[in-house]
$ cat entry08.tsv   # TSV, C-alpha atoms and all ligand atoms
chain	number	residue	atom	x	y	z
J	278	MET	CA	96.03	89.51	145.03
J	279	GLY	CA	95.00	92.12	147.54
J	280	VAL	CA	98.39	93.78	147.28
J	281	LYS	CA	98.25	93.90	143.51
J	282	ARG	CA	94.82	95.51	143.52
J	283	TYR	CA	96.00	97.96	146.14
J	284	VAL	CA	98.97	98.98	143.98
J	285	GLU	CA	96.64	99.52	141.04
J	286	VAL	CA	94.40	101.77	143.13
J	287	VAL	CA	97.45	103.76	144.18
J	288	SER	CA	98.77	104.24	140.67
J	289	MET	CA	95.34	105.29	139.40
J	290	SER	CA	94.79	107.97	141.99
J	291	GLY	CA	98.45	109.07	142.18
J	292	ARG	CA	98.52	108.79	145.94
J	293	PHE	CA	97.92	106.38	148.79
J	294	PRO	CA	94.33	105.31	149.53
J	295	GLY	CA	92.67	107.25	152.33
J	296	GLU	CA	95.72	109.48	152.68
J	297	VAL	CA	95.05	112.86	154.27
J	298	ARG	CA	96.73	115.56	152.25
J	299	PRO	CA	97.95	118.71	154.01
J	300	MET	CA	96.14	121.91	153.11
J	301	PRO	CA	98.49	124.36	151.32
J	302	LEU	CA	99.62	126.88	153.93
J	303	HIS	CA	98.36	129.98	152.12
J	304	SER	CA	94.92	128.39	151.83
J	305	LEU	CA	95.08	127.59	155.53
J	306	VAL	CA	95.98	131.16	156.47
J	307	ASP	CA	93.25	132.60	154.21
J	308	LEU	CA	90.72	130.18	155.67
J	309	VAL	CA	91.57	131.10	159.28
J	310	ASN	CA	91.60	134.85	158.63
J	311	ASP	CA	88.57	135.15	156.37
J	312	TRP	CA	86.25	132.64	158.07
J	313	GLY	CA	87.48	132.64	161.68
J	314	GLU	CA	85.25	134.44	164.13
J	315	VAL	CA	87.99	136.05	166.25
J	316	PRO	CA	89.95	137.54	163.30
J	317	ARG	CA	86.69	138.89	161.85
J	318	VAL	CA	85.47	140.42	165.12
J	319	ILE	CA	88.83	141.97	166.11
J	320	GLY	CA	89.45	143.09	162.52
J	321	GLY	CA	86.03	144.76	162.40
J	322	THR	CA	84.78	142.72	159.43
J	323	ALA	CA	82.31	140.52	161.32
J	324	ASP	CA	79.27	142.15	159.69
J	325	ARG	CA	80.62	141.72	156.16
J	326	PRO	CA	79.62	138.65	154.14
J	327	TYR	CA	82.07	135.77	154.03
J	328	PRO	CA	84.16	135.50	150.87
J	329	SER	CA	83.09	132.97	148.29
J	330	VAL	CA	84.50	129.46	148.73
J	331	ASP	CA	85.65	129.83	145.12
J	332	SER	CA	88.31	132.29	146.27
J	333	LEU	CA	90.01	129.36	148.01
J	334	ARG	CA	89.36	126.97	145.13
J	335	GLU	CA	90.89	129.30	142.55
J	336	ARG	CA	94.14	129.51	144.46
J	337	ASP	CA	94.64	125.79	145.06
J	338	PRO	CA	92.29	124.00	142.65
J	339	GLU	CA	94.00	120.63	143.01
J	340	PHE	CA	93.66	120.55	146.80
J	341	TRP	CA	90.09	121.89	146.94
J	342	ALA	CA	88.95	119.42	144.26
J	343	ASP	CA	88.94	116.87	147.09
J	344	PHE	CA	86.39	119.02	148.97
J	345	PRO	CA	83.70	119.67	146.38
J	346	GLY	CA	80.77	120.22	148.74
J	347	THR	CA	82.51	122.31	151.40
J	348	ASP	CA	79.97	124.66	152.94
J	349	GLU	CA	80.37	127.87	154.88
J	350	ALA	CA	79.62	126.20	158.24
J	351	THR	CA	82.51	123.76	157.76
J	352	LEU	CA	84.90	126.57	156.81
J	353	ILE	CA	83.86	128.59	159.86
J	354	GLU	CA	84.15	125.62	162.22
J	355	THR	CA	87.57	124.65	160.84
J	356	ALA	CA	88.86	128.24	161.00
J	357	ASN	CA	87.65	128.61	164.60
J	358	LEU	CA	89.39	125.40	165.63
J	359	ILE	CA	92.68	126.26	163.88
J	360	HIS	CA	93.08	129.94	164.91
J	361	PRO	CA	93.95	129.08	168.57
J	362	VAL	CA	97.01	127.13	167.34
J	363	PHE	CA	98.35	130.35	165.76
J	364	ALA	CA	97.35	132.32	168.87
J	365	ALA	CA	99.18	129.94	171.26
J	366	GLU	CA	101.36	131.75	173.79
J	367	SER	CA	103.95	128.99	174.18
J	368	GLY	CA	105.27	125.95	172.38
J	369	MET	CA	103.54	123.80	174.99
J	370	GLN	CA	100.19	125.46	174.31
J	371	CYS	CA	100.69	125.07	170.57
J	372	ALA	CA	101.47	121.36	171.01
J	373	GLN	CA	98.49	120.83	173.32
J	374	ARG	CA	96.12	122.54	170.92
J	375	LEU	CA	97.43	120.53	167.98
J	376	ASN	CA	97.09	117.31	170.00
J	377	ASP	CA	93.45	118.23	170.65
J	378	LEU	CA	92.89	118.70	166.91
J	379	VAL	CA	94.62	115.40	166.12
J	380	ALA	CA	92.20	113.73	168.56
J	381	LEU	CA	89.18	115.63	167.22
J	382	SER	CA	89.85	114.65	163.61
J	383	GLN	CA	91.08	111.18	164.66
J	384	LEU	CA	94.29	111.56	162.69
J	385	GLN	CA	96.63	108.60	162.80
J	386	PRO	CA	99.93	107.89	161.09
J	387	ALA	CA	100.24	104.60	159.22
J	388	LEU	CA	102.81	103.07	156.93
J	389	SER	CA	101.72	102.63	153.37
J	390	SER	CA	103.47	101.25	150.32
J	391	ARG	CA	103.70	101.76	146.62
J	392	ASP	CA	105.67	98.91	145.04
J	393	TRP	CA	108.84	98.85	147.18
J	394	SER	CA	108.35	102.38	148.34
J	395	VAL	CA	107.12	102.52	151.93
J	396	ARG	CA	106.31	105.74	153.68
J	397	GLU	CA	104.33	107.30	156.46
J	398	VAL	CA	100.91	108.63	155.59
J	399	TRP	CA	98.13	109.99	157.80
J	400	HIS	CA	94.57	108.75	157.87
J	401	SER	CA	91.53	110.28	159.51
J	402	ALA	CA	88.70	108.22	160.94
J	403	ARG	CA	86.35	111.21	160.79
J	404	PRO	CA	85.22	111.88	157.19
J	405	ASP	CA	83.03	114.69	158.52
J	406	ARG	CA	86.20	116.42	159.78
J	407	ALA	CA	88.29	115.83	156.65
J	408	LEU	CA	88.99	119.54	156.20
J	409	LEU	CA	90.12	119.89	159.81
J	410	ALA	CA	92.35	116.83	159.36
J	411	SER	CA	94.00	118.43	156.30
J	412	ALA	CA	94.46	121.74	158.10
J	413	THR	CA	95.92	120.04	161.17
J	414	LEU	CA	98.30	117.97	159.06
J	415	ALA	CA	99.50	121.12	157.30
J	416	LEU	CA	100.59	122.53	160.68
J	417	ILE	CA	102.19	119.25	161.75
J	418	GLU	CA	104.21	119.20	158.52
J	419	GLN	CA	105.16	122.84	158.92
J	420	LEU	CA	106.48	122.08	162.43
J	421	ARG	CA	108.34	119.05	161.11
J	422	ASP	CA	110.21	121.37	158.72
J	423	GLU	CA	110.50	124.20	161.24
J	424	PRO	CA	109.94	123.28	164.91
J	425	ASP	CA	109.92	126.94	166.02
J	426	ALA	CA	106.20	127.30	166.86
J	427	SER	CA	106.56	131.06	167.34
J	428	ARG	CA	106.61	131.23	163.53
J	429	LEU	CA	102.93	130.30	163.61
J	430	GLY	CA	101.75	133.66	164.86
J	431	THR	CA	98.94	136.17	165.04
J	432	CYS	CA	99.26	139.82	164.07
J	433	ALA	CA	100.65	142.19	166.72
J	434	CYS	CA	98.56	145.11	165.40
J	435	ASP	CA	95.97	146.48	167.90
J	436	THR	CA	93.08	145.92	165.53
J	437	CYS	CA	94.06	142.59	163.97
J	438	VAL	CA	94.69	139.03	165.10
J	439	ASP	CA	95.10	137.50	161.65
J	440	ALA	CA	97.24	134.39	161.47
J	441	TYR	CA	100.51	134.19	159.57
J	442	VAL	CA	103.31	131.70	158.98
J	443	ASP	CA	106.68	133.40	159.39
J	444	MET	CA	108.95	132.17	156.58
J	445	SER	CA	111.49	134.97	157.02
J	446	PRO	CA	115.14	133.98	157.57
J	447	GLY	CA	115.32	135.75	160.95
J	448	GLY	CA	111.92	134.58	162.21
J	449	ARG	CA	111.01	137.98	163.68
J	450	ARG	CA	107.78	138.63	161.83
J	451	ALA	CA	105.10	140.16	164.05
J	452	TYR	CA	102.43	141.37	161.61
J	453	CYS	CA	100.11	139.57	159.21
J	454	SER	CA	100.76	142.04	156.40
J	455	VAL	CA	102.71	145.11	155.35
J	456	THR	CA	99.48	147.09	155.83
J	457	CYS	CA	99.32	146.18	159.51
J	458	GLN	CA	103.05	146.77	159.95
J	459	ASN	CA	102.73	150.26	158.47
J	460	ARG	CA	99.64	151.01	160.55
J	461	ALA	CA	101.47	150.03	163.74
J	462	ARG	CA	104.53	152.12	162.74
J	463	ALA	CA	102.36	155.16	162.04
J	464	ARG	CA	100.65	154.75	165.41
J	465	THR	CA	104.00	154.50	167.22
J	466	TYR	CA	105.27	157.56	165.32
J	467	ARG	CA	102.17	159.62	166.24
J	468	ALA	CA	102.39	158.51	169.89
J	469	ASN	CA	106.09	159.47	170.06
J	470	ARG	CA	105.42	162.86	168.44
J	471	LYS	CA	102.57	163.52	170.85
J	472	ALA	CA	104.79	162.58	173.80
J	473	SER	CA	107.64	164.86	172.64
J	474	THR	CA	105.23	167.75	171.89
J	475	SER	CA	103.56	167.54	175.29
J	476	GLY	CA	107.04	167.19	176.84
J	477	ALA	CA	108.04	170.53	175.28
J	478	ASP	CA	105.14	172.40	176.89
J	501	ZN	ZN	97.23	142.22	160.80
$ encode --input "entry08.tsv" --output "C-alpha cells" --more "lines below"
Ligand SMILES: [Zn+2]
Amino acid sequence: MGVKRYVEVVSMSGRFPGEVRPMPLHSLVDLVNDWGEVPRVIGGTADRPYPSVDSLRERDPEFWADFPGTDEATLIETANLIHPVFAAESGMQCAQRLNDLVALSQLQPALSSRDWSVREVWHSARPDRALLASATLALIEQLRDEPDASRLGTCACDTCVDAYVDMSPGGRRAYCSVTCQNRARARTYRANRKASTSGAD
C-alpha cells in the first residue's frame, strides 16, 4: 500500500519526494557574483543595491518556483558559502570545501524508485539550507560530468573575482567575461608600451 501511494506522489509531482534538485549553473554563477560579498567588494559594487530576486526567477522560473520565499539574507549567505569553492587553489581544496557544504546542508544520497526505475537522488535534512543544498548539488553534478575542478574558477582580472564555469573545449578560460578579458588585455598592452617607451629613453 505504502509503495503504491509513494508511486502516486511521484507521478503527481513529476519527481522523487524530498529530492534536492541542482540549481541551474547560470543561476548559481549569477547568485555567487551578484550576492557574494567578496565579488562585490573586489568588483567595487559593494555599495550598490543587490539585484532583485526576480532577476534569478525570470531566468529559471521552474527551479526558483521551489523557493518562493527566498530572501536577500539567504541569497547572500548561500553566495558567500559557495564562492570559496570557485576560488579553491587546488582540487583538494575544492573537494574539502564541497565536503564542508555537504555536511552543512546535510546532503545525503539515497536510492529512490519510480515503478521499476531505481536511481540515486539526494536529500537534505536541513530545510533551512535548501538553497545551499541545491547549489552544492549543482557543483557535485558538474564535477561528475567534468572532474577537472580548475574549470570552476574565479576571474583573473585585477579588479574582479567573479565565478565562472569553464565549458570551453580547451579548458583554458581565465576570465569571467569578455569585458574582463579585454580589460586585462588593454592593461597588458599599456604596460608593455610603457616598458618599451621607457626602454627607448
Ligand atoms: Zn571578471
$ residues_near_ligand --input "entry08.tsv" --ligand "ligand ZN 501 (chain J)" --cutoff "7 Å" --atoms "all atoms listed in the file" --output "ChimeraX atom specification"
/J:432-434,437-439,452-454,457
$ closest_residue --input "entry08.tsv" --among "J:Tyr441, J:Ile359, J:Ala380, J:Ile417" --to "Val455 in chain J" --atoms "all atoms listed in the file"
J:Tyr441
$ atom_distance --input "entry08.tsv" --atom1 "CA of Arg450 in chain J" --atom2 "CA of Val362 in chain J"
16.7 Å
$ closest_residue --input "entry08.tsv" --among "J:Pro446, J:Met369, J:Asp392, J:Arg374" --to "Leu416 in chain J" --atoms "all atoms listed in the file"
J:Arg374
$ residues_around --input "entry08.tsv" --residues "Gly447 in chain J" --least-positions-apart "3" --cutoff "12 Å" --atoms "all atoms listed in the file" --output "list of chain:residue names"
J:Asp425, J:Ser427, J:Arg428, J:Asp443, J:Met444, J:Arg450, J:Ala451
$ residues_around --input "entry08.tsv" --residues "Arg317 in chain J" --least-positions-apart "5" --cutoff "12 Å" --atoms "only C-alpha atoms" --output "ChimeraX atom specification"
/J:307-312,322-328,353,356-357,360,436-440
$ closest_residue --input "entry08.tsv" --among "J:Gly430, J:Pro386, J:Gly368, J:Gly313" --to "Thr351 in chain J" --atoms "all atoms listed in the file"
J:Gly313
$ atom_distance --input "entry08.tsv" --atom1 "CA of Ser382 in chain J" --atom2 "CA of Ala407 in chain J"
7.2 Å
$ residues_around --input "entry08.tsv" --residues "Ser411 in chain J" --least-positions-apart "4" --cutoff "10 Å" --atoms "only C-alpha atoms" --output "ChimeraX atom specification"
/J:296-301,305,340,382,384,399-401,406-407,415-417
$ atom_distance --input "entry08.tsv" --atom1 "CA of Arg334 in chain J" --atom2 "CA of Thr355 in chain J"
16.0 Å
$ closest_residue --input "entry08.tsv" --among "J:Thr413, J:Ser304, J:Phe293, J:Leu408" --to "Arg391 in chain J" --atoms "only C-alpha atoms"
J:Phe293
$ closest_residue --input "entry08.tsv" --among "J:Ala426, J:Ala472, J:Ser389, J:Pro361" --to "Arg292 in chain J" --atoms "all atoms listed in the file"
J:Ser389
$ closest_residue --input "entry08.tsv" --among "J:Leu429, J:Glu349, J:Val379, J:Gly295" --to "Glu366 in chain J" --atoms "all atoms listed in the file"
J:Leu429
